[in-house]
>>> print(open('target_31.cif').read())   # mmCIF, C-alpha atoms
data_target
#
loop_
_atom_site.label_atom_id
_atom_site.label_comp_id
_atom_site.auth_asym_id
_atom_site.auth_seq_id
_atom_site.Cartn_x
_atom_site.Cartn_y
_atom_site.Cartn_z
CA MET A 1 -49.42 -62.50 44.60
CA PRO A 2 -50.69 -62.87 48.17
CA GLY A 3 -52.82 -59.89 49.11
CA TYR A 4 -54.00 -58.36 52.35
CA PRO A 5 -55.66 -60.48 55.01
CA LYS A 6 -59.39 -60.73 54.27
CA SER A 7 -60.59 -58.29 56.92
CA ILE A 8 -58.15 -55.63 55.70
CA GLU A 9 -59.29 -56.26 52.12
CA LYS A 10 -62.90 -55.80 53.26
CA LEU A 11 -62.11 -52.56 55.12
CA ILE A 12 -60.26 -51.18 52.10
CA SER A 13 -63.17 -51.94 49.79
CA GLU A 14 -65.62 -50.28 52.23
CA LEU A 15 -63.40 -47.20 52.56
CA GLN A 16 -63.22 -46.91 48.78
CA LYS A 17 -66.95 -46.28 48.68
CA LEU A 18 -66.42 -42.94 50.45
CA PRO A 19 -66.32 -39.84 48.24
CA GLY A 20 -62.84 -38.81 47.14
CA ILE A 21 -61.20 -41.97 48.50
CA GLY A 22 -59.40 -44.02 45.86
CA LYS A 23 -57.70 -47.37 46.23
CA ARG A 24 -54.40 -45.89 47.40
CA SER A 25 -56.00 -43.65 50.02
CA ALA A 26 -58.20 -46.50 51.23
CA GLU A 27 -55.14 -48.72 51.65
CA ARG A 28 -53.25 -45.98 53.47
CA ILE A 29 -56.17 -45.34 55.83
CA ALA A 30 -56.76 -49.03 56.58
CA LEU A 31 -53.10 -49.78 57.27
CA ASP A 32 -52.77 -46.61 59.32
CA MET A 33 -55.72 -47.66 61.48
CA LEU A 34 -53.97 -50.91 62.30
CA ARG A 35 -50.89 -48.99 63.41
CA ARG A 36 -52.83 -46.64 65.61
CA ASP A 37 -54.48 -47.15 68.93
CA LYS A 38 -57.44 -49.50 68.60
CA GLU A 39 -59.59 -47.21 70.75
CA GLU A 40 -59.19 -44.33 68.30
CA SER A 41 -60.56 -46.38 65.44
CA PHE A 42 -63.36 -47.73 67.62
CA THR A 43 -64.31 -44.14 68.42
CA LEU A 44 -64.56 -43.46 64.70
CA ALA A 45 -66.68 -46.58 64.18
CA GLY A 46 -68.89 -45.44 67.05
CA SER A 47 -69.23 -41.94 65.60
CA ILE A 48 -70.39 -43.38 62.30
CA ARG A 49 -73.13 -45.31 64.08
CA ASP A 50 -74.02 -42.39 66.37
CA VAL A 51 -74.50 -39.96 63.55
CA PHE A 52 -77.39 -42.00 62.22
CA SER A 53 -79.14 -42.31 65.57
CA SER A 54 -78.49 -38.72 66.71
CA VAL A 55 -78.98 -36.58 63.65
CA LYS A 56 -82.61 -35.64 63.17
CA GLU A 57 -84.33 -33.77 60.42
CA CYS A 58 -85.61 -30.30 61.31
CA ARG A 59 -89.42 -30.38 61.23
CA LEU A 60 -89.55 -26.95 59.58
CA CYS A 61 -86.68 -26.68 57.11
CA HIS A 62 -85.74 -30.40 56.77
CA ALA A 63 -82.02 -29.68 57.33
CA PHE A 64 -79.92 -31.83 59.70
CA SER A 65 -80.65 -31.03 63.31
CA ASP A 66 -79.76 -32.06 66.85
CA GLY A 67 -83.37 -31.72 67.96
CA ASP A 68 -86.86 -31.46 66.57
CA ILE A 69 -86.25 -27.91 65.29
CA CYS A 70 -82.78 -26.92 64.06
CA GLU A 71 -80.61 -24.17 65.48
CA ILE A 72 -81.26 -21.89 62.53
CA CYS A 73 -85.04 -22.25 62.57
CA SER A 74 -85.16 -21.68 66.32
CA SER A 75 -82.76 -18.71 66.33
CA GLN A 76 -84.25 -15.31 67.07
CA THR A 77 -81.31 -13.41 65.55
CA ARG A 78 -81.92 -14.66 62.01
CA ASP A 79 -84.00 -12.84 59.41
CA ARG A 80 -87.14 -14.88 59.74
CA ASP A 81 -88.77 -13.44 56.63
CA ILE A 82 -86.38 -14.86 54.01
CA ILE A 83 -86.15 -18.48 52.95
CA CYS A 84 -83.30 -19.85 50.87
CA VAL A 85 -84.32 -23.05 49.09
CA VAL A 86 -81.58 -25.64 48.56
CA GLU A 87 -81.57 -29.22 47.29
CA GLU A 88 -79.56 -31.02 49.97
CA PRO A 89 -78.95 -30.55 53.71
CA LYS A 90 -75.21 -30.20 53.14
CA GLU A 91 -75.77 -27.15 50.94
CA VAL A 92 -77.01 -25.28 54.02
CA TYR A 93 -73.47 -25.51 55.41
CA SER A 94 -71.92 -24.29 52.16
CA ILE A 95 -74.03 -21.14 52.33
CA GLU A 96 -73.56 -20.75 56.11
CA ALA A 97 -69.79 -20.86 55.58
CA THR A 98 -69.97 -17.58 53.63
CA SER A 99 -71.51 -15.74 56.64
CA ASP A 100 -73.32 -13.66 54.00
CA TYR A 101 -76.79 -15.02 54.59
CA ASN A 102 -78.77 -14.64 57.78
CA GLY A 103 -82.21 -15.90 56.79
CA LEU A 104 -83.90 -19.28 57.04
CA TYR A 105 -83.58 -22.32 54.78
CA HIS A 106 -85.74 -24.92 53.17
CA VAL A 107 -84.18 -28.21 52.12
CA LEU A 108 -85.97 -29.92 49.22
CA LYS A 109 -84.24 -33.25 49.93
CA GLY A 110 -83.44 -33.74 46.26
CA ARG A 111 -84.32 -32.29 42.89
CA ILE A 112 -86.99 -32.95 40.30
CA SER A 113 -85.54 -35.48 37.90
CA PRO A 114 -88.02 -37.12 35.51
CA LEU A 115 -85.37 -39.51 34.22
CA ASP A 116 -84.85 -40.89 37.74
CA GLY A 117 -88.59 -40.86 38.37
CA ILE A 118 -88.32 -38.13 41.01
CA GLY A 119 -91.23 -35.69 40.99
CA PRO A 120 -92.20 -32.78 43.29
CA GLU A 121 -94.18 -35.17 45.51
CA ASP A 122 -90.94 -36.97 46.41
CA LEU A 123 -89.44 -33.72 47.70
CA THR A 124 -90.50 -31.29 50.43
CA VAL A 125 -92.20 -28.99 47.89
CA ARG A 126 -95.64 -29.22 49.53
CA GLN A 127 -94.15 -28.31 52.90
CA LEU A 128 -92.34 -25.33 51.35
CA LEU A 129 -95.55 -24.01 49.79
CA GLU A 130 -97.37 -24.42 53.11
CA ARG A 131 -94.60 -22.56 54.95
CA ILE A 132 -94.86 -19.69 52.47
CA LYS A 133 -98.65 -19.57 52.69
CA LYS A 134 -98.71 -19.64 56.49
CA GLY A 135 -95.83 -17.23 57.13
CA LYS A 136 -95.05 -13.67 56.19
CA PHE A 137 -92.03 -13.84 53.95
CA LYS A 138 -90.56 -10.94 52.05
CA GLU A 139 -88.30 -13.06 49.82
CA ILE A 140 -87.78 -16.64 48.67
CA ILE A 141 -84.34 -17.33 47.17
CA LEU A 142 -84.07 -20.35 44.87
CA ALA A 143 -80.58 -21.77 45.31
CA THR A 144 -80.95 -25.08 43.51
CA ASN A 145 -77.96 -26.03 41.39
CA SER A 146 -77.29 -24.73 37.91
CA ASP A 147 -77.39 -28.06 36.09
CA ILE A 148 -80.38 -29.27 34.10
CA ASP A 149 -82.26 -30.92 36.98
CA GLY A 150 -81.50 -28.05 39.38
CA GLU A 151 -82.68 -25.54 36.80
CA ALA A 152 -85.83 -27.55 36.07
CA THR A 153 -86.57 -27.75 39.81
CA SER A 154 -86.15 -24.00 40.07
CA VAL A 155 -88.50 -23.37 37.12
CA TYR A 156 -91.12 -25.68 38.64
CA LEU A 157 -90.86 -24.01 42.04
CA ALA A 158 -91.10 -20.55 40.48
CA GLU A 159 -94.40 -21.48 38.85
CA GLU A 160 -95.80 -22.80 42.11
CA ILE A 161 -94.58 -19.90 44.24
CA LYS A 162 -95.45 -16.98 41.96
CA PRO A 163 -99.23 -17.13 42.64
CA LEU A 164 -98.43 -16.74 46.37
CA LYS A 165 -97.36 -13.13 45.74
CA VAL A 166 -93.95 -13.19 47.36
CA LYS A 167 -90.69 -11.78 45.97
CA LEU A 168 -88.88 -14.65 44.28
CA THR A 169 -85.19 -14.59 43.34
CA ARG A 170 -82.67 -17.00 41.84
CA ILE A 171 -79.01 -17.00 42.90
CA ALA A 172 -76.64 -15.64 40.25
CA PHE A 173 -74.64 -17.80 37.87
CA GLY A 174 -71.52 -16.60 36.14
CA LEU A 175 -67.77 -16.73 36.21
CA PRO A 176 -66.44 -18.13 39.53
CA VAL A 177 -64.17 -15.70 41.39
CA GLY A 178 -60.66 -16.20 40.05
CA GLY A 179 -62.06 -18.14 37.09
CA LEU A 180 -60.49 -17.45 33.72
CA LEU A 181 -62.64 -17.18 30.60
CA ASP A 182 -60.20 -19.54 28.97
CA TYR A 183 -60.88 -22.34 31.43
CA VAL A 184 -64.59 -21.95 32.01
CA ASP A 185 -67.21 -23.93 30.07
CA LYS A 186 -69.37 -22.29 27.40
CA LEU A 187 -72.58 -22.54 29.44
CA THR A 188 -71.01 -20.63 32.32
CA ILE A 189 -69.85 -17.92 29.93
CA SER A 190 -73.37 -17.71 28.45
CA LYS A 191 -74.77 -17.37 31.98
CA ALA A 192 -72.18 -14.74 32.85
CA LEU A 193 -73.09 -12.72 29.75
CA GLU A 194 -76.79 -13.12 30.33
CA GLY A 195 -76.45 -12.00 33.94
CA ARG A 196 -74.26 -8.99 33.17
CA ARG A 197 -74.91 -5.85 35.18
CA GLU A 198 -74.29 -2.18 34.48
CA ILE A 199 -71.31 -0.72 36.28
CA MET B 1 -72.83 -18.96 62.68
CA PRO B 2 -74.68 -22.17 63.57
CA GLY B 3 -72.59 -25.20 62.76
CA TYR B 4 -73.27 -28.85 62.17
CA PRO B 5 -75.32 -30.88 64.64
CA LYS B 6 -73.03 -32.21 67.39
CA SER B 7 -72.85 -35.81 66.19
CA ILE B 8 -71.87 -34.65 62.67
CA GLU B 9 -69.24 -32.35 64.18
CA LYS B 10 -67.88 -35.31 66.16
CA LEU B 11 -67.77 -37.58 63.10
CA ILE B 12 -65.98 -34.88 61.08
CA SER B 13 -63.34 -34.45 63.77
CA GLU B 14 -62.81 -38.23 63.98
CA LEU B 15 -62.51 -38.54 60.20
CA GLN B 16 -59.94 -35.74 60.14
CA LYS B 17 -57.60 -37.93 62.18
CA LEU B 18 -57.25 -40.30 59.20
CA PRO B 19 -54.17 -39.84 57.01
CA GLY B 20 -54.69 -37.56 54.04
CA ILE B 21 -58.14 -36.45 55.17
CA GLY B 22 -58.41 -32.70 55.69
CA LYS B 23 -61.35 -30.70 57.02
CA ARG B 24 -63.05 -30.40 53.63
CA SER B 25 -62.76 -34.11 52.82
CA ALA B 26 -63.97 -35.04 56.31
CA GLU B 27 -67.02 -32.81 55.87
CA ARG B 28 -67.74 -34.26 52.46
CA ILE B 29 -67.44 -37.83 53.74
CA ALA B 30 -69.62 -37.22 56.80
CA LEU B 31 -72.38 -35.49 54.86
CA ASP B 32 -72.21 -38.10 52.13
CA MET B 33 -72.66 -40.87 54.71
CA LEU B 34 -75.88 -39.25 55.87
CA ARG B 35 -77.18 -39.20 52.30
CA ARG B 36 -76.37 -42.82 51.70
CA ASP B 37 -78.01 -45.94 52.90
CA LYS B 38 -77.53 -46.34 56.65
CA GLU B 39 -76.60 -49.99 56.19
CA GLU B 40 -73.63 -49.12 54.00
CA SER B 41 -72.12 -46.91 56.68
CA PHE B 42 -72.85 -49.48 59.35
CA THR B 43 -70.97 -52.03 57.25
CA LEU B 44 -67.98 -49.67 57.21
CA ALA B 45 -68.20 -49.17 60.99
CA GLY B 46 -68.36 -52.95 61.38
CA SER B 47 -65.34 -53.45 59.12
CA ILE B 48 -63.31 -51.06 61.24
CA ARG B 49 -64.12 -53.08 64.34
CA ASP B 50 -63.62 -56.42 62.58
CA VAL B 51 -60.19 -55.56 61.31
CA PHE B 52 -58.89 -55.33 64.86
CA SER B 53 -60.38 -58.62 65.97
CA SER B 54 -59.58 -60.56 62.78
CA VAL B 55 -56.13 -59.43 61.76
CA LYS B 56 -53.44 -61.41 63.50
CA GLU B 57 -49.70 -61.07 63.46
CA CYS B 58 -47.81 -63.83 61.65
CA ARG B 59 -45.82 -65.79 64.24
CA LEU B 60 -42.84 -66.04 61.88
CA CYS B 61 -42.51 -62.77 59.98
CA HIS B 62 -44.74 -60.50 62.14
CA ALA B 63 -46.66 -59.20 59.10
CA PHE B 64 -50.48 -58.95 59.15
CA SER B 65 -52.10 -62.32 58.77
CA ASP B 66 -55.48 -64.03 58.67
CA GLY B 67 -54.19 -66.93 60.71
CA ASP B 68 -51.31 -67.90 62.94
CA ILE B 69 -48.89 -68.08 59.99
CA CYS B 70 -49.34 -65.69 57.05
CA GLU B 71 -49.97 -66.66 53.46
CA ILE B 72 -46.44 -65.77 52.40
CA CYS B 73 -44.70 -67.71 55.18
CA SER B 74 -46.84 -70.78 54.54
CA SER B 75 -46.55 -70.68 50.74
CA GLN B 76 -44.48 -73.42 49.13
CA THR B 77 -43.96 -71.50 45.89
CA ARG B 78 -41.94 -68.69 47.49
CA ASP B 79 -38.16 -68.65 47.71
CA ARG B 80 -37.83 -69.76 51.29
CA ASP B 81 -34.13 -68.94 51.53
CA ILE B 82 -34.34 -65.15 51.19
CA ILE B 83 -35.66 -62.76 53.83
CA CYS B 84 -36.47 -59.13 53.11
CA VAL B 85 -36.43 -57.07 56.31
CA VAL B 86 -38.87 -54.13 56.46
CA GLU B 87 -39.91 -51.75 59.22
CA GLU B 88 -43.71 -51.89 59.04
CA PRO B 89 -46.28 -54.53 58.00
CA LYS B 90 -47.65 -52.23 55.30
CA GLU B 91 -44.27 -52.15 53.57
CA VAL B 92 -44.70 -55.84 52.76
CA TYR B 93 -47.59 -54.86 50.48
CA SER B 94 -45.57 -52.11 48.79
CA ILE B 95 -42.94 -54.67 47.83
CA GLU B 96 -45.51 -57.35 46.93
CA ALA B 97 -47.15 -54.87 44.55
CA THR B 98 -44.00 -54.87 42.39
CA SER B 99 -44.27 -58.66 41.81
CA ASP B 100 -40.45 -58.54 41.65
CA TYR B 101 -39.76 -60.31 44.92
CA ASN B 102 -40.70 -63.88 45.70
CA GLY B 103 -38.91 -64.49 49.00
CA LEU B 104 -40.00 -64.23 52.62
CA TYR B 105 -40.27 -61.16 54.84
CA HIS B 106 -39.42 -60.09 58.35
CA VAL B 107 -41.27 -57.11 59.83
CA LEU B 108 -39.29 -55.26 62.52
CA LYS B 109 -42.42 -53.50 63.80
CA GLY B 110 -40.62 -50.16 63.91
CA ARG B 111 -37.14 -48.75 63.68
CA ILE B 112 -34.38 -48.02 66.12
CA SER B 113 -34.84 -44.44 67.23
CA PRO B 114 -32.81 -43.37 70.27
CA LEU B 115 -34.57 -40.00 70.39
CA ASP B 116 -37.93 -41.74 70.81
CA GLY B 117 -36.40 -44.24 73.23
CA ILE B 118 -36.89 -47.16 70.82
CA GLY B 119 -34.09 -49.71 70.91
CA PRO B 120 -33.57 -53.12 69.23
CA GLU B 121 -35.31 -54.84 72.16
CA ASP B 122 -38.56 -53.01 71.26
CA LEU B 123 -38.46 -54.48 67.77
CA THR B 124 -38.49 -58.06 66.45
CA VAL B 125 -34.68 -58.05 66.06
CA ARG B 126 -34.13 -61.00 68.38
CA GLN B 127 -36.70 -63.04 66.46
CA LEU B 128 -35.00 -62.15 63.16
CA LEU B 129 -31.60 -63.28 64.42
CA GLU B 130 -33.12 -66.53 65.67
CA ARG B 131 -34.80 -67.15 62.31
CA ILE B 132 -31.48 -66.63 60.53
CA LYS B 133 -29.61 -68.88 62.96
CA LYS B 134 -32.18 -71.68 62.74
CA GLY B 135 -32.85 -71.58 58.99
CA LYS B 136 -30.71 -71.92 55.91
CA PHE B 137 -30.85 -68.56 54.19
CA LYS B 138 -28.80 -67.54 51.21
CA GLU B 139 -29.57 -63.83 51.45
CA ILE B 140 -30.96 -61.24 53.86
CA ILE B 141 -32.10 -58.00 52.21
CA LEU B 142 -32.27 -54.94 54.46
CA ALA B 143 -35.14 -52.80 53.16
CA THR B 144 -35.48 -50.31 56.01
CA ASN B 145 -36.11 -46.74 54.90
CA SER B 146 -33.43 -44.34 53.74
CA ASP B 147 -33.94 -41.70 56.43
CA ILE B 148 -31.66 -41.36 59.48
CA ASP B 149 -33.51 -43.84 61.71
CA GLY B 150 -34.00 -46.35 58.91
CA GLU B 151 -30.32 -46.11 57.99
CA ALA B 152 -29.25 -46.49 61.65
CA THR B 153 -31.49 -49.55 62.00
CA SER B 154 -29.91 -51.05 58.91
CA VAL B 155 -26.37 -50.39 60.23
CA TYR B 156 -27.28 -51.99 63.56
CA LEU B 157 -28.82 -55.05 61.89
CA ALA B 158 -25.81 -55.44 59.59
CA GLU B 159 -23.49 -55.64 62.59
CA GLU B 160 -25.66 -58.26 64.26
CA ILE B 161 -26.20 -60.35 61.14
CA LYS B 162 -22.64 -60.33 59.70
CA PRO B 163 -21.25 -62.82 62.28
CA LEU B 164 -23.96 -65.26 61.15
CA LYS B 165 -22.18 -65.70 57.81
CA VAL B 166 -25.07 -65.01 55.47
CA LYS B 167 -25.07 -62.81 52.38
CA LEU B 168 -26.39 -59.43 53.43
CA THR B 169 -27.64 -56.77 51.00
CA ARG B 170 -29.20 -53.33 51.27
CA ILE B 171 -31.81 -52.10 48.76
CA ALA B 172 -30.53 -49.42 46.38
CA PHE B 173 -31.10 -45.72 46.84
CA GLY B 174 -30.90 -43.23 44.01
CA LEU B 175 -32.95 -41.18 41.62
CA PRO B 176 -36.58 -42.33 41.54
CA VAL B 177 -37.73 -43.44 38.08
CA GLY B 178 -38.88 -40.34 36.22
CA GLY B 179 -37.18 -38.15 38.83
CA LEU B 180 -35.33 -35.11 37.52
CA LEU B 181 -31.96 -34.11 38.98
CA ASP B 182 -33.35 -30.61 39.23
CA TYR B 183 -36.13 -31.62 41.57
CA VAL B 184 -34.44 -34.23 43.71
CA ASP B 185 -32.82 -33.42 47.07
CA LYS B 186 -29.03 -33.35 47.52
CA LEU B 187 -28.93 -36.47 49.66
CA THR B 188 -30.69 -38.51 46.97
CA ILE B 189 -28.21 -37.26 44.37
CA SER B 190 -25.31 -38.19 46.68
CA LYS B 191 -26.80 -41.67 47.07
CA ALA B 192 -27.33 -41.97 43.32
CA LEU B 193 -23.68 -41.04 42.68
CA GLU B 194 -22.42 -43.34 45.41
CA GLY B 195 -24.47 -46.24 44.05
CA ARG B 196 -23.45 -45.72 40.42
CA ARG B 197 -22.84 -48.85 38.38
CA GLU B 198 -20.73 -49.52 35.33
CA ILE B 199 -22.71 -49.81 32.10
#
>>> encode(input="target_31.cif", output="C-alpha cells")
Amino acid sequence: MPGYPKSIEKLISELQKLPGIGKRSAERIALDMLRRDKEESFTLAGSIRDVFSSVKECRLCHAFSDGDICEICSSQTRDRDIICVVEEPKEVYSIEATSDYNGLYHVLKGRISPLDGIGPEDLTVRQLLERIKKGKFKEIILATNSDIDGEATSVYLAEEIKPLKVKLTRIAFGLPVGGLLDYVDKLTISKALEGRREI
Amino acid sequence: MPGYPKSIEKLISELQKLPGIGKRSAERIALDMLRRDKEESFTLAGSIRDVFSSVKECRLCHAFSDGDICEICSSQTRDRDIICVVEEPKEVYSIEATSDYNGLYHVLKGRISPLDGIGPEDLTVRQLLERIKKGKFKEIILATNSDIDGEATSVYLAEEIKPLKVKLTRIAFGLPVGGLLDYVDKLTISKALEGRREI
C-alpha cells in the first residue's frame, strides 16, 4: 500500500511525539496544515523556535519568565512571605489558574528520584534553602506531587527546611471534587481518611 | 493573574489553530516542548517547513506526491483502468487504508459550492474529463462526500462524464458498520433504505 509522501510521513511521526497526539490526530494535523495557508504553518514553526530563544528561567523562582526575574517574583501585589514549592514550571500555571494563591513560587525543576539517579543536587534545592535563609517567610507550602517520588521529595525538603524555623505545610490529598469513592484508587481513599477534618 | 511568558502564550495560540487541539491540549503541548530536548522541537519546526517545500502535487491525479507523478499513478501493479474521484488529497489515504481499492485516483481539490463561489472551473474537473477522454477506463467511481455540496458535485460530474460512455458508479451510503438505527440521523436511514439490496 503506497503511503504518504516522505515529508508528510516525517511530519506525522514528529507530531506523534507531542503529548496526547496519537497517529490519527497527527495525520489529521499534518494533512490539515497542507490545506491551510502556508504562512500560518510557518508562523507555528517560528513560534516553536522562538519559545526556546525567548523563554528564560526566573533567577529567583526558576519558573518560565520573559525576563531575568518573572512577573510573579517582581510583583508588589503578591504575598512575598509565602513560597509554594512545585516540581515543574508548568505546575505554577496550574496553581495560578485557581486564583486561590497569591504568594511566590519555587520551582525545583524535577523531583528526587534515586532510581533515575536524580538527587537534591540536581534540583534547585540549595537555592530554595538559601532563599528561605535570606528572606523572611511566614510559610513554605510543599506542593510536590502525591506519587512516590513527589512524596519522597517532600519528605527530604521537610527535613532540610525544619531547622530553619519556618512554618512548613503540605498541600492536602484526598478525594477530588466530584470524585466518587467507587472510582477512586485505594491510596487516595487512605489519604482522604487520614486527612479527615472535624466538621 | 500573571499568565505565561509572551512567547509561550504565542505558541499556545498558534497550536490552538490546529484541528482537534483545544486550549488545554495546546498548553500541555507547549509546556511539554519546553521540558523536552530543544533539538526535538526544532526537528518538528523543520518538518513543518519541509512539508511545504517537499510535497508536490501529482501532475496526473493531483494528490500529494514526492515527485512529479505520485507513487500510485506510476505504479504498474495498480488497476490502471479505474479512477476513484475524491474531493481532497487526504481522502486518498482514507481509501488506501482500507486496502480494498487498487485503482487510480483523481483529486478534485475541493467541491462545487455555489454559496462559497466555487464552481467546476476552480476544481480539477477539466483535467478529469481530459484523463477520461484520453485513457481507456472501464469505471469511474464518484467518492465525493454525502453532504449537500459533495452530492451536488457528484451530480454535476455525472452529467459531464455520462456522454463519455464510461461506467460510472457512486460509493454507497447507508448505516455505518456498528451504527445503531437509534443513533443515526434520518438522512442516513433514508439513504440506507434507498440503497437496500436483495439478500
>>> interface_residues(input="target_31.cif", of="chain A", to="chain B", cutoff="6 Å", atoms="only C-alpha atoms", output="PyMOL selection string")
chain A and resi 5+7-8+11+14+19+29+44-45+47+51+65-66
>>> resolve_selection(input="target_31.cif", expression="the PyMOL selection byres ((chain A and resi 131) around 12)", output="PDB file with C-alpha atoms, in the coordinates of the input")
ATOM      1  CA  ARG A  59     -89.420 -30.380  61.230  1.00  0.00           C
ATOM      2  CA  LEU A  60     -89.550 -26.950  59.580  1.00  0.00           C
ATOM      3  CA  CYS A  61     -86.680 -26.680  57.110  1.00  0.00           C
ATOM      4  CA  HIS A  62     -85.740 -30.400  56.770  1.00  0.00           C
ATOM      5  CA  ARG A  80     -87.140 -14.880  59.740  1.00  0.00           C
ATOM      6  CA  ASP A  81     -88.770 -13.440  56.630  1.00  0.00           C
ATOM      7  CA  ILE A  82     -86.380 -14.860  54.010  1.00  0.00           C
ATOM      8  CA  ILE A  83     -86.150 -18.480  52.950  1.00  0.00           C
ATOM      9  CA  VAL A  85     -84.320 -23.050  49.090  1.00  0.00           C
ATOM     10  CA  LEU A 104     -83.900 -19.280  57.040  1.00  0.00           C
ATOM     11  CA  TYR A 105     -83.580 -22.320  54.780  1.00  0.00           C
ATOM     12  CA  HIS A 106     -85.740 -24.920  53.170  1.00  0.00           C
ATOM     13  CA  THR A 124     -90.500 -31.290  50.430  1.00  0.00           C
ATOM     14  CA  VAL A 125     -92.200 -28.990  47.890  1.00  0.00           C
ATOM     15  CA  ARG A 126     -95.640 -29.220  49.530  1.00  0.00           C
ATOM     16  CA  GLN A 127     -94.150 -28.310  52.900  1.00  0.00           C
ATOM     17  CA  LEU A 128     -92.340 -25.330  51.350  1.00  0.00           C
ATOM     18  CA  LEU A 129     -95.550 -24.010  49.790  1.00  0.00           C
ATOM     19  CA  GLU A 130     -97.370 -24.420  53.110  1.00  0.00           C
ATOM     20  CA  ILE A 132     -94.860 -19.690  52.470  1.00  0.00           C
ATOM     21  CA  LYS A 133     -98.650 -19.570  52.690  1.00  0.00           C
ATOM     22  CA  LYS A 134     -98.710 -19.640  56.490  1.00  0.00           C
ATOM     23  CA  GLY A 135     -95.830 -17.230  57.130  1.00  0.00           C
ATOM     24  CA  LYS A 136     -95.050 -13.670  56.190  1.00  0.00           C
ATOM     25  CA  PHE A 137     -92.030 -13.840  53.950  1.00  0.00           C
ATOM     26  CA  ILE A 140     -87.780 -16.640  48.670  1.00  0.00           C
ATOM     27  CA  ILE A 161     -94.580 -19.900  44.240  1.00  0.00           C
ATOM     28  CA  LEU A 164     -98.430 -16.740  46.370  1.00  0.00           C
TER      29      LEU A 164
END
>>> residues_around(input="target_31.cif", residues="B:Gly195", least_positions_apart="4", cutoff="12 Å", atoms="only C-alpha atoms", output="ChimeraX atom specification")
/B:170-175,188-191
>>> closest_residue(input="target_31.cif", among="B:Asp116, B:Tyr183, B:Asp37, B:Val86", to="B:Ile141", atoms="all atoms listed in the file")
B:Val86
>>> residues_near_point(input="target_31.cif", point="(-86.1, -24.9, 38.7)", cutoff="9 Å", atoms="all atoms listed in the file", output="count of residues only")
18
>>> atom_distance(input="target_31.cif", atom1="atom CA of A:Gly110", atom2="atom CA of B:Lys23")
24.8 Å
>>> atom_distance(input="target_31.cif", atom1="atom CA of B:Pro176", atom2="atom CA of B:Ser113")
25.8 Å
>>> atom_distance(input="target_31.cif", atom1="atom CA of A:Glu160", atom2="atom CA of A:Ser74")
26.5 Å
>>> closest_residue(input="target_31.cif", among="A:Val166, A:Val177, A:Leu187, A:Ala143", to="A:Ile95", atoms="all atoms listed in the file")
A:Ala143
